[in-house]
Amino acid sequence: MTSTSTPPGPARFNGLEESTARAVLLEACAATAWADRLLAARPYATADALYAASDTAMAGLTAADLAEAMAGHPPIGRPKPGDPTSAREQRGMAGASDALRAEMLELNLAYQEKFGHVFLICATGRTGEQMRDAVKERLGNTPEREREIVRTELGKINRIRLARLVEED
């Protein structure tokens with residue numbers, strides 16, 4: 001490999017058929033506009049270029065686009081059955097006590113009632129207690145403030161998922 005060649009991860013992603021690349025991106029983030037923007041910017045010379053394109057696309061998502069993205073995420077404490085990504089990302093709730101699980105369910109419902117969508121947080125590396133504390137704190141936000149926090153958290157999740165995509169051998 002020369003210093004001007006594309007690293008293996010981005011090259012593999014760049015080489016995917018468009019329909020396959022779209023499916024892979026929509027698995028990472030359910031927002032069609034986000035996936036379309038990333039597809040339109042291929043090829044990527046580096047993983048960092050892909051992450052920057054993701055950040056730019058995320059910044060441009062409308063409220064409807066964000067709602068579409070959030071619809072692809074299960075509530076904290078209830079990962080999608082059979083979905084290893086969801087289970088891995090929510091690992092902090094895996095060993096949670098029954099009391100914490102019940103509290104998270106109650107908080108998730110209160111959050112969803114207030115904001116109209118699931119509580120979204122980049123759960124990777126967080127404990128159940130940290131996620132509980134975050135939802136409690138964020139319940140006090142205005143819808144506008146919360147939408148921007150969701151945008152930031154979704155961007156973090158997308159970067160983690162894209163990193164797995166381009167760094168896999």
# chains A, B, ... in the order shown; residues from 1 in each chain; ligands from 1

call {"tool": "residues_around", "arguments": {"residues": "range 13-26 of chain A", "least_positions_apart": "3", "cutoff": "10 Å", "atoms": "only C-alpha atoms", "output": "ChimeraX atom specification"}}
result
/A:6,8-10,29-36,38-45,47,50,69,72,158,161-162,165-166

call {"tool": "write_last_selection", "arguments": {"atoms": "C-alpha atoms", "output": "compact mmCIF listing (two decimals), in the first residue's frame"}}
result
# COMPACT_ATOMS: atom_id res chain seq x y z
CA THR A 6 -7.25 4.47 0.21
CA PRO A 8 -8.87 -0.91 3.36
CA GLY A 9 -11.98 0.06 5.37
CA PRO A 10 -13.00 3.09 3.29
CA CYS A 29 -28.79 5.33 11.01
CA ALA A 30 -32.40 5.06 9.82
CA ALA A 31 -32.48 8.64 8.46
CA THR A 32 -32.75 8.37 4.68
CA ALA A 33 -31.45 11.92 4.14
CA TRP A 34 -28.31 11.11 6.14
CA ALA A 35 -27.66 7.94 4.13
CA ASP A 36 -28.31 9.75 0.84
CA LEU A 38 -23.12 9.95 2.65
CA LEU A 39 -23.71 7.95 -0.52
CA ALA A 40 -23.53 11.06 -2.69
CA ALA A 41 -20.12 11.97 -1.24
CA ARG A 42 -18.44 8.64 -2.02
CA PRO A 43 -15.65 7.77 -2.45
CA TYR A 44 -13.99 8.56 0.88
CA ALA A 45 -10.21 8.77 1.04
CA ALA A 47 -12.33 7.11 7.67
CA LEU A 50 -16.44 9.63 6.18
CA ALA A 69 -33.52 8.26 12.70
CA GLY A 72 -34.66 3.03 14.31
CA ASN A 158 -23.32 7.12 13.98
CA ARG A 161 -21.25 2.49 13.96
CA LEU A 162 -19.34 3.89 10.98
CA LEU A 165 -18.08 -0.54 9.41
CA VAL A 166 -14.79 0.79 8.05

call {"tool": "residues_around", "arguments": {"residues": "Tyr51 in chain A", "least_positions_apart": "2", "cutoff": "10 Å", "atoms": "only C-alpha atoms", "output": "MDAnalysis selection string"}}
result
chainID A and resid 38 44 46:49 53:57 155:156 158:160 162:163

call {"tool": "write_last_selection", "arguments": {"atoms": "N, CA and C atoms", "output": "PDB file, in the first residue's frame"}}
result
ATOM      1  N   LEU A  38     -24.374  10.706   2.567  1.00  0.00           N
ATOM      2  CA  LEU A  38     -23.121   9.952   2.648  1.00  0.00           C
ATOM      3  C   LEU A  38     -22.851   9.196   1.352  1.00  0.00           C
ATOM      4  N   TYR A  44     -14.673   7.938  -0.261  1.00  0.00           N
ATOM      5  CA  TYR A  44     -13.993   8.562   0.875  1.00  0.00           C
ATOM      6  C   TYR A  44     -12.539   8.121   0.895  1.00  0.00           C
ATOM      7  N   THR A  46     -10.466   8.612   3.458  1.00  0.00           N
ATOM      8  CA  THR A  46     -10.110   8.141   4.802  1.00  0.00           C
ATOM      9  C   THR A  46     -11.370   7.954   5.637  1.00  0.00           C
ATOM     10  N   ALA A  47     -11.220   7.248   6.726  1.00  0.00           N
ATOM     11  CA  ALA A  47     -12.332   7.106   7.668  1.00  0.00           C
ATOM     12  C   ALA A  47     -12.710   8.480   8.223  1.00  0.00           C
ATOM     13  N   ASP A  48     -11.726   9.322   8.491  1.00  0.00           N
ATOM     14  CA  ASP A  48     -12.018  10.655   9.013  1.00  0.00           C
ATOM     15  C   ASP A  48     -12.876  11.461   8.044  1.00  0.00           C
ATOM     16  N   ALA A  49     -12.650  11.290   6.747  1.00  0.00           N
ATOM     17  CA  ALA A  49     -13.471  11.987   5.753  1.00  0.00           C
ATOM     18  C   ALA A  49     -14.919  11.488   5.811  1.00  0.00           C
ATOM     19  N   ALA A  53     -18.162  13.745   6.878  1.00  0.00           N
ATOM     20  CA  ALA A  53     -19.364  13.793   6.040  1.00  0.00           C
ATOM     21  C   ALA A  53     -20.597  13.426   6.859  1.00  0.00           C
ATOM     22  N   SER A  54     -20.444  12.462   7.759  1.00  0.00           N
ATOM     23  CA  SER A  54     -21.551  12.081   8.639  1.00  0.00           C
ATOM     24  C   SER A  54     -21.955  13.252   9.528  1.00  0.00           C
ATOM     25  N   ASP A  55     -20.966  13.924  10.100  1.00  0.00           N
ATOM     26  CA  ASP A  55     -21.252  15.072  10.976  1.00  0.00           C
ATOM     27  C   ASP A  55     -21.969  16.177  10.209  1.00  0.00           C
ATOM     28  N   THR A  56     -21.522  16.436   8.988  1.00  0.00           N
ATOM     29  CA  THR A  56     -22.143  17.469   8.161  1.00  0.00           C
ATOM     30  C   THR A  56     -23.577  17.083   7.809  1.00  0.00           C
ATOM     31  N   ALA A  57     -23.767  15.831   7.431  1.00  0.00           N
ATOM     32  CA  ALA A  57     -25.118  15.354   7.103  1.00  0.00           C
ATOM     33  C   ALA A  57     -26.023  15.432   8.334  1.00  0.00           C
ATOM     34  N   GLY A 155     -25.254  11.699  16.422  1.00  0.00           N
ATOM     35  CA  GLY A 155     -23.967  11.829  15.731  1.00  0.00           C
ATOM     36  C   GLY A 155     -22.899  10.946  16.353  1.00  0.00           C
ATOM     37  N   LYS A 156     -22.873  10.877  17.684  1.00  0.00           N
ATOM     38  CA  LYS A 156     -21.901  10.006  18.372  1.00  0.00           C
ATOM     39  C   LYS A 156     -22.152   8.543  18.032  1.00  0.00           C
ATOM     40  N   ASN A 158     -23.668   7.349  15.381  1.00  0.00           N
ATOM     41  CA  ASN A 158     -23.324   7.115  13.976  1.00  0.00           C
ATOM     42  C   ASN A 158     -21.819   6.959  13.786  1.00  0.00           C
ATOM     43  N   ARG A 159     -21.030   7.772  14.468  1.00  0.00           N
ATOM     44  CA  ARG A 159     -19.566   7.655  14.349  1.00  0.00           C
ATOM     45  C   ARG A 159     -19.090   6.280  14.834  1.00  0.00           C
ATOM     46  N   ILE A 160     -19.632   5.818  15.947  1.00  0.00           N
ATOM     47  CA  ILE A 160     -19.247   4.501  16.465  1.00  0.00           C
ATOM     48  C   ILE A 160     -19.610   3.411  15.462  1.00  0.00           C
ATOM     49  N   LEU A 162     -20.156   3.755  12.195  1.00  0.00           N
ATOM     50  CA  LEU A 162     -19.342   3.886  10.980  1.00  0.00           C
ATOM     51  C   LEU A 162     -17.931   3.364  11.213  1.00  0.00           C
ATOM     52  N   ALA A 163     -17.386   3.617  12.400  1.00  0.00           N
ATOM     53  CA  ALA A 163     -16.041   3.110  12.721  1.00  0.00           C
ATOM     54  C   ALA A 163     -16.019   1.590  12.643  1.00  0.00           C
TER      55      ALA A 163
END

call {"tool": "closest_residue", "arguments": {"among": "A:Ala71, A:Leu61, A:Ile121, A:Glu129", "to": "Ala99 in chain A", "atoms": "only C-alpha atoms"}}
result
A:Glu129

call {"tool": "atom_distance", "arguments": {"atom1": "CA of Glu148 in chain A", "atom2": "CA of Ala64 in chain A"}}
result
13.3 Å

call {"tool": "closest_residue", "arguments": {"among": "A:Met70, A:Leu100, A:Ala94, A:Ala52", "to": "Asp133 in chain A", "atoms": "only C-alpha atoms"}}
result
A:Leu100

call {"tool": "select_by_dssp", "arguments": {"residues": "chain A", "states": "alpha helix (DSSP H)", "output": "ChimeraX atom specification"}}
result
/A:8-14,18-28,32-40,47-59,63-70,84-89,98-115,128-138,143-167

call {"tool": "write_last_selection", "arguments": {"atoms": "C-alpha atoms", "output": "CSV table (one decimal), in the first residue's frame"}}
result
chain,number,residue,atom,x,y,z
A,8,PRO,CA,-8.9,-0.9,3.4
A,9,GLY,CA,-12.0,0.1,5.4
A,10,PRO,CA,-13.0,3.1,3.3
A,11,ALA,CA,-12.0,1.3,0.1
A,12,ARG,CA,-14.3,-1.6,1.0
A,13,PHE,CA,-17.2,0.8,1.8
A,14,ASN,CA,-16.5,2.8,-1.4
A,18,GLU,CA,-25.0,1.5,-4.1
A,19,SER,CA,-28.0,-0.6,-2.8
A,20,THR,CA,-25.7,-2.5,-0.5
A,21,ALA,CA,-24.0,0.6,0.8
A,22,ARG,CA,-27.5,2.2,1.3
A,23,ALA,CA,-28.6,-0.8,3.3
A,24,VAL,CA,-25.4,-0.7,5.4
A,25,LEU,CA,-25.8,3.0,6.1
A,26,LEU,CA,-29.5,2.7,7.0
A,27,GLU,CA,-28.6,0.0,9.4
A,28,ALA,CA,-26.3,2.5,11.1
A,32,THR,CA,-32.8,8.4,4.7
A,33,ALA,CA,-31.4,11.9,4.1
A,34,TRP,CA,-28.3,11.1,6.1
A,35,ALA,CA,-27.7,7.9,4.1
A,36,ASP,CA,-28.3,9.8,0.8
A,37,ARG,CA,-25.8,12.5,1.7
A,38,LEU,CA,-23.1,10.0,2.6
A,39,LEU,CA,-23.7,7.9,-0.5
A,40,ALA,CA,-23.5,11.1,-2.7
A,47,ALA,CA,-12.3,7.1,7.7
A,48,ASP,CA,-12.0,10.7,9.0
A,49,ALA,CA,-13.5,12.0,5.8
A,50,LEU,CA,-16.4,9.6,6.2
A,51,TYR,CA,-16.9,10.8,9.8
A,52,ALA,CA,-16.8,14.4,8.8
A,53,ALA,CA,-19.4,13.8,6.0
A,54,SER,CA,-21.6,12.1,8.6
A,55,ASP,CA,-21.3,15.1,11.0
A,56,THR,CA,-22.1,17.5,8.2
A,57,ALA,CA,-25.1,15.4,7.1
A,58,MET,CA,-26.3,15.1,10.7
A,59,ALA,CA,-26.2,18.9,11.1
A,63,ALA,CA,-36.9,17.5,12.6
A,64,ALA,CA,-38.6,14.9,10.4
A,65,ASP,CA,-35.3,13.4,9.5
A,66,LEU,CA,-34.3,13.1,13.2
A,67,ALA,CA,-37.7,11.5,13.9
A,68,GLU,CA,-36.9,8.9,11.2
A,69,ALA,CA,-33.5,8.3,12.7
A,70,MET,CA,-34.9,7.9,16.2
A,84,PRO,CA,-26.2,-7.7,18.4
A,85,THR,CA,-25.5,-4.0,17.8
A,86,SER,CA,-28.4,-2.9,20.0
A,87,ALA,CA,-27.4,-5.3,22.7
A,88,ARG,CA,-23.7,-4.3,22.6
A,89,GLU,CA,-24.5,-0.6,22.7
A,98,ASP,CA,-35.0,-5.2,38.5
A,99,ALA,CA,-35.6,-1.9,40.3
A,100,LEU,CA,-33.3,0.0,37.9
A,101,ARG,CA,-35.0,-1.6,34.9
A,102,ALA,CA,-38.4,-0.7,36.2
A,103,GLU,CA,-37.3,2.9,36.8
A,104,MET,CA,-35.9,3.1,33.3
A,105,LEU,CA,-39.1,1.9,31.8
A,106,GLU,CA,-41.0,4.5,33.8
A,107,LEU,CA,-38.6,7.2,32.8
A,108,ASN,CA,-38.6,6.1,29.1
A,109,LEU,CA,-42.4,6.4,29.1
A,110,ALA,CA,-42.4,9.8,30.7
A,111,TYR,CA,-39.7,11.0,28.2
A,112,GLN,CA,-41.6,9.6,25.2
A,113,GLU,CA,-44.8,11.2,26.5
A,114,LYS,CA,-43.1,14.6,26.8
A,115,PHE,CA,-41.0,14.6,23.6
A,128,GLY,CA,-27.4,1.8,33.7
A,129,GLU,CA,-27.2,4.4,36.5
A,130,GLN,CA,-25.6,6.9,34.1
A,131,MET,CA,-28.3,6.5,31.6
A,132,ARG,CA,-31.0,6.8,34.3
A,133,ASP,CA,-29.4,10.0,35.5
A,134,ALA,CA,-29.2,11.4,32.0
A,135,VAL,CA,-32.9,10.8,31.2
A,136,LYS,CA,-33.9,12.3,34.5
A,137,GLU,CA,-31.8,15.4,33.7
A,138,ARG,CA,-33.0,15.7,30.1
A,143,PRO,CA,-38.3,20.3,23.1
A,144,GLU,CA,-35.9,22.5,21.1
A,145,ARG,CA,-33.0,21.9,23.5
A,146,GLU,CA,-33.7,18.2,23.5
A,147,ARG,CA,-33.8,18.0,19.7
A,148,GLU,CA,-30.2,19.4,19.6
A,149,ILE,CA,-29.0,17.0,22.3
A,150,VAL,CA,-30.6,14.1,20.3
A,151,ARG,CA,-28.8,15.4,17.2
A,152,THR,CA,-25.5,15.3,19.1
A,153,GLU,CA,-26.1,11.9,20.6
A,154,LEU,CA,-27.2,10.5,17.3
A,155,GLY,CA,-24.0,11.8,15.7
A,156,LYS,CA,-21.9,10.0,18.4
A,157,ILE,CA,-23.8,6.8,17.7
A,158,ASN,CA,-23.3,7.1,14.0
A,159,ARG,CA,-19.6,7.7,14.3
A,160,ILE,CA,-19.2,4.5,16.5
A,161,ARG,CA,-21.3,2.5,14.0
A,162,LEU,CA,-19.3,3.9,11.0
A,163,ALA,CA,-16.0,3.1,12.7
A,164,ARG,CA,-17.1,-0.5,13.1
A,165,LEU,CA,-18.1,-0.5,9.4
A,166,VAL,CA,-14.8,0.8,8.0
A,167,GLU,CA,-12.5,-0.8,10.6

call {"tool": "atom_distance", "arguments": {"atom1": "CA of Leu139 in chain A", "atom2": "CA of Gly116 in chain A"}}
result
12.0 Å

call {"tool": "atom_distance", "arguments": {"atom1": "CA of Arg91 in chain A", "atom2": "CA of Asn141 in chain A"}}
result
26.0 Å

call {"tool": "decode", "arguments": {"residues": "range 135-155 of chain A", "atoms": "N, CA, C and O atoms", "output": "PDB file, in the first residue's frame"}}
result
ATOM      1  N   VAL A 135     -31.490  10.574  31.584  1.00  0.00           N
ATOM      2  CA  VAL A 135     -32.895  10.764  31.201  1.00  0.00           C
ATOM      3  C   VAL A 135     -33.611  11.642  32.223  1.00  0.00           C
ATOM      4  O   VAL A 135     -34.409  12.507  31.852  1.00  0.00           O
ATOM      5  N   LYS A 136     -33.293  11.475  33.495  1.00  0.00           N
ATOM      6  CA  LYS A 136     -33.900  12.327  34.530  1.00  0.00           C
ATOM      7  C   LYS A 136     -33.556  13.795  34.264  1.00  0.00           C
ATOM      8  O   LYS A 136     -34.423  14.664  34.341  1.00  0.00           O
ATOM      9  N   GLU A 137     -32.294  14.058  33.982  1.00  0.00           N
ATOM     10  CA  GLU A 137     -31.849  15.428  33.724  1.00  0.00           C
ATOM     11  C   GLU A 137     -32.503  15.995  32.467  1.00  0.00           C
ATOM     12  O   GLU A 137     -32.982  17.129  32.454  1.00  0.00           O
ATOM     13  N   ARG A 138     -32.545  15.191  31.419  1.00  0.00           N
ATOM     14  CA  ARG A 138     -33.049  15.675  30.137  1.00  0.00           C
ATOM     15  C   ARG A 138     -34.558  15.845  30.103  1.00  0.00           C
ATOM     16  O   ARG A 138     -35.076  16.576  29.254  1.00  0.00           O
ATOM     17  N   LEU A 139     -35.269  15.234  31.013  1.00  0.00           N
ATOM     18  CA  LEU A 139     -36.715  15.450  31.086  1.00  0.00           C
ATOM     19  C   LEU A 139     -37.056  16.912  31.358  1.00  0.00           C
ATOM     20  O   LEU A 139     -38.155  17.368  31.028  1.00  0.00           O
ATOM     21  N   GLY A 140     -36.131  17.655  31.921  1.00  0.00           N
ATOM     22  CA  GLY A 140     -36.351  19.068  32.200  1.00  0.00           C
ATOM     23  C   GLY A 140     -36.096  19.986  31.015  1.00  0.00           C
ATOM     24  O   GLY A 140     -36.335  21.191  31.100  1.00  0.00           O
ATOM     25  N   ASN A 141     -35.614  19.442  29.903  1.00  0.00           N
ATOM     26  CA  ASN A 141     -35.296  20.258  28.725  1.00  0.00           C
ATOM     27  C   ASN A 141     -36.533  20.700  27.970  1.00  0.00           C
ATOM     28  O   ASN A 141     -37.578  20.048  28.027  1.00  0.00           O
ATOM     29  N   THR A 142     -36.385  21.783  27.227  1.00  0.00           N
ATOM     30  CA  THR A 142     -37.413  22.181  26.273  1.00  0.00           C
ATOM     31  C   THR A 142     -37.307  21.244  25.069  1.00  0.00           C
ATOM     32  O   THR A 142     -36.238  20.646  24.838  1.00  0.00           O
ATOM     33  N   PRO A 143     -38.367  21.125  24.282  1.00  0.00           N
ATOM     34  CA  PRO A 143     -38.273  20.283  23.070  1.00  0.00           C
ATOM     35  C   PRO A 143     -37.165  20.741  22.122  1.00  0.00           C
ATOM     36  O   PRO A 143     -36.483  19.894  21.529  1.00  0.00           O
ATOM     37  N   GLU A 144     -36.949  22.037  22.004  1.00  0.00           N
ATOM     38  CA  GLU A 144     -35.909  22.547  21.112  1.00  0.00           C
ATOM     39  C   GLU A 144     -34.522  22.145  21.606  1.00  0.00           C
ATOM     40  O   GLU A 144     -33.672  21.702  20.826  1.00  0.00           O
ATOM     41  N   ARG A 145     -34.289  22.311  22.889  1.00  0.00           N
ATOM     42  CA  ARG A 145     -32.998  21.934  23.484  1.00  0.00           C
ATOM     43  C   ARG A 145     -32.784  20.424  23.344  1.00  0.00           C
ATOM     44  O   ARG A 145     -31.703  19.958  22.995  1.00  0.00           O
ATOM     45  N   GLU A 146     -33.830  19.669  23.609  1.00  0.00           N
ATOM     46  CA  GLU A 146     -33.715  18.215  23.539  1.00  0.00           C
ATOM     47  C   GLU A 146     -33.416  17.746  22.119  1.00  0.00           C
ATOM     48  O   GLU A 146     -32.628  16.825  21.910  1.00  0.00           O
ATOM     49  N   ARG A 147     -34.028  18.385  21.125  1.00  0.00           N
ATOM     50  CA  ARG A 147     -33.771  18.003  19.733  1.00  0.00           C
ATOM     51  C   ARG A 147     -32.289  18.168  19.395  1.00  0.00           C
ATOM     52  O   ARG A 147     -31.691  17.342  18.718  1.00  0.00           O
ATOM     53  N   GLU A 148     -31.648  19.226  19.892  1.00  0.00           N
ATOM     54  CA  GLU A 148     -30.226  19.428  19.616  1.00  0.00           C
ATOM     55  C   GLU A 148     -29.361  18.416  20.367  1.00  0.00           C
ATOM     56  O   GLU A 148     -28.340  17.959  19.848  1.00  0.00           O
ATOM     57  N   ILE A 149     -29.759  18.052  21.571  1.00  0.00           N
ATOM     58  CA  ILE A 149     -29.030  17.006  22.309  1.00  0.00           C
ATOM     59  C   ILE A 149     -29.156  15.681  21.567  1.00  0.00           C
ATOM     60  O   ILE A 149     -28.173  14.946  21.405  1.00  0.00           O
ATOM     61  N   VAL A 150     -30.365  15.376  21.092  1.00  0.00           N
ATOM     62  CA  VAL A 150     -30.587  14.144  20.335  1.00  0.00           C
ATOM     63  C   VAL A 150     -29.709  14.137  19.086  1.00  0.00           C
ATOM     64  O   VAL A 150     -29.086  13.124  18.760  1.00  0.00           O
ATOM     65  N   ARG A 151     -29.620  15.268  18.401  1.00  0.00           N
ATOM     66  CA  ARG A 151     -28.777  15.364  17.201  1.00  0.00           C
ATOM     67  C   ARG A 151     -27.314  15.033  17.559  1.00  0.00           C
ATOM     68  O   ARG A 151     -26.647  14.275  16.850  1.00  0.00           O
ATOM     69  N   THR A 152     -26.834  15.580  18.656  1.00  0.00           N
ATOM     70  CA  THR A 152     -25.464  15.324  19.098  1.00  0.00           C
ATOM     71  C   THR A 152     -25.262  13.853  19.459  1.00  0.00           C
ATOM     72  O   THR A 152     -24.273  13.223  19.054  1.00  0.00           O
ATOM     73  N   GLU A 153     -26.198  13.291  20.229  1.00  0.00           N
ATOM     74  CA  GLU A 153     -26.087  11.883  20.634  1.00  0.00           C
ATOM     75  C   GLU A 153     -26.155  10.954  19.424  1.00  0.00           C
ATOM     76  O   GLU A 153     -25.409   9.985  19.338  1.00  0.00           O
ATOM     77  N   LEU A 154     -27.038  11.261  18.499  1.00  0.00           N
ATOM     78  CA  LEU A 154     -27.151  10.458  17.287  1.00  0.00           C
ATOM     79  C   LEU A 154     -25.858  10.525  16.474  1.00  0.00           C
ATOM     80  O   LEU A 154     -25.397   9.512  15.938  1.00  0.00           O
ATOM     81  N   GLY A 155     -25.254  11.699  16.422  1.00  0.00           N
ATOM     82  CA  GLY A 155     -23.967  11.829  15.731  1.00  0.00           C
ATOM     83  C   GLY A 155     -22.899  10.946  16.353  1.00  0.00           C
ATOM     84  O   GLY A 155     -22.098  10.322  15.638  1.00  0.00           O
TER      85      GLY A 155
END
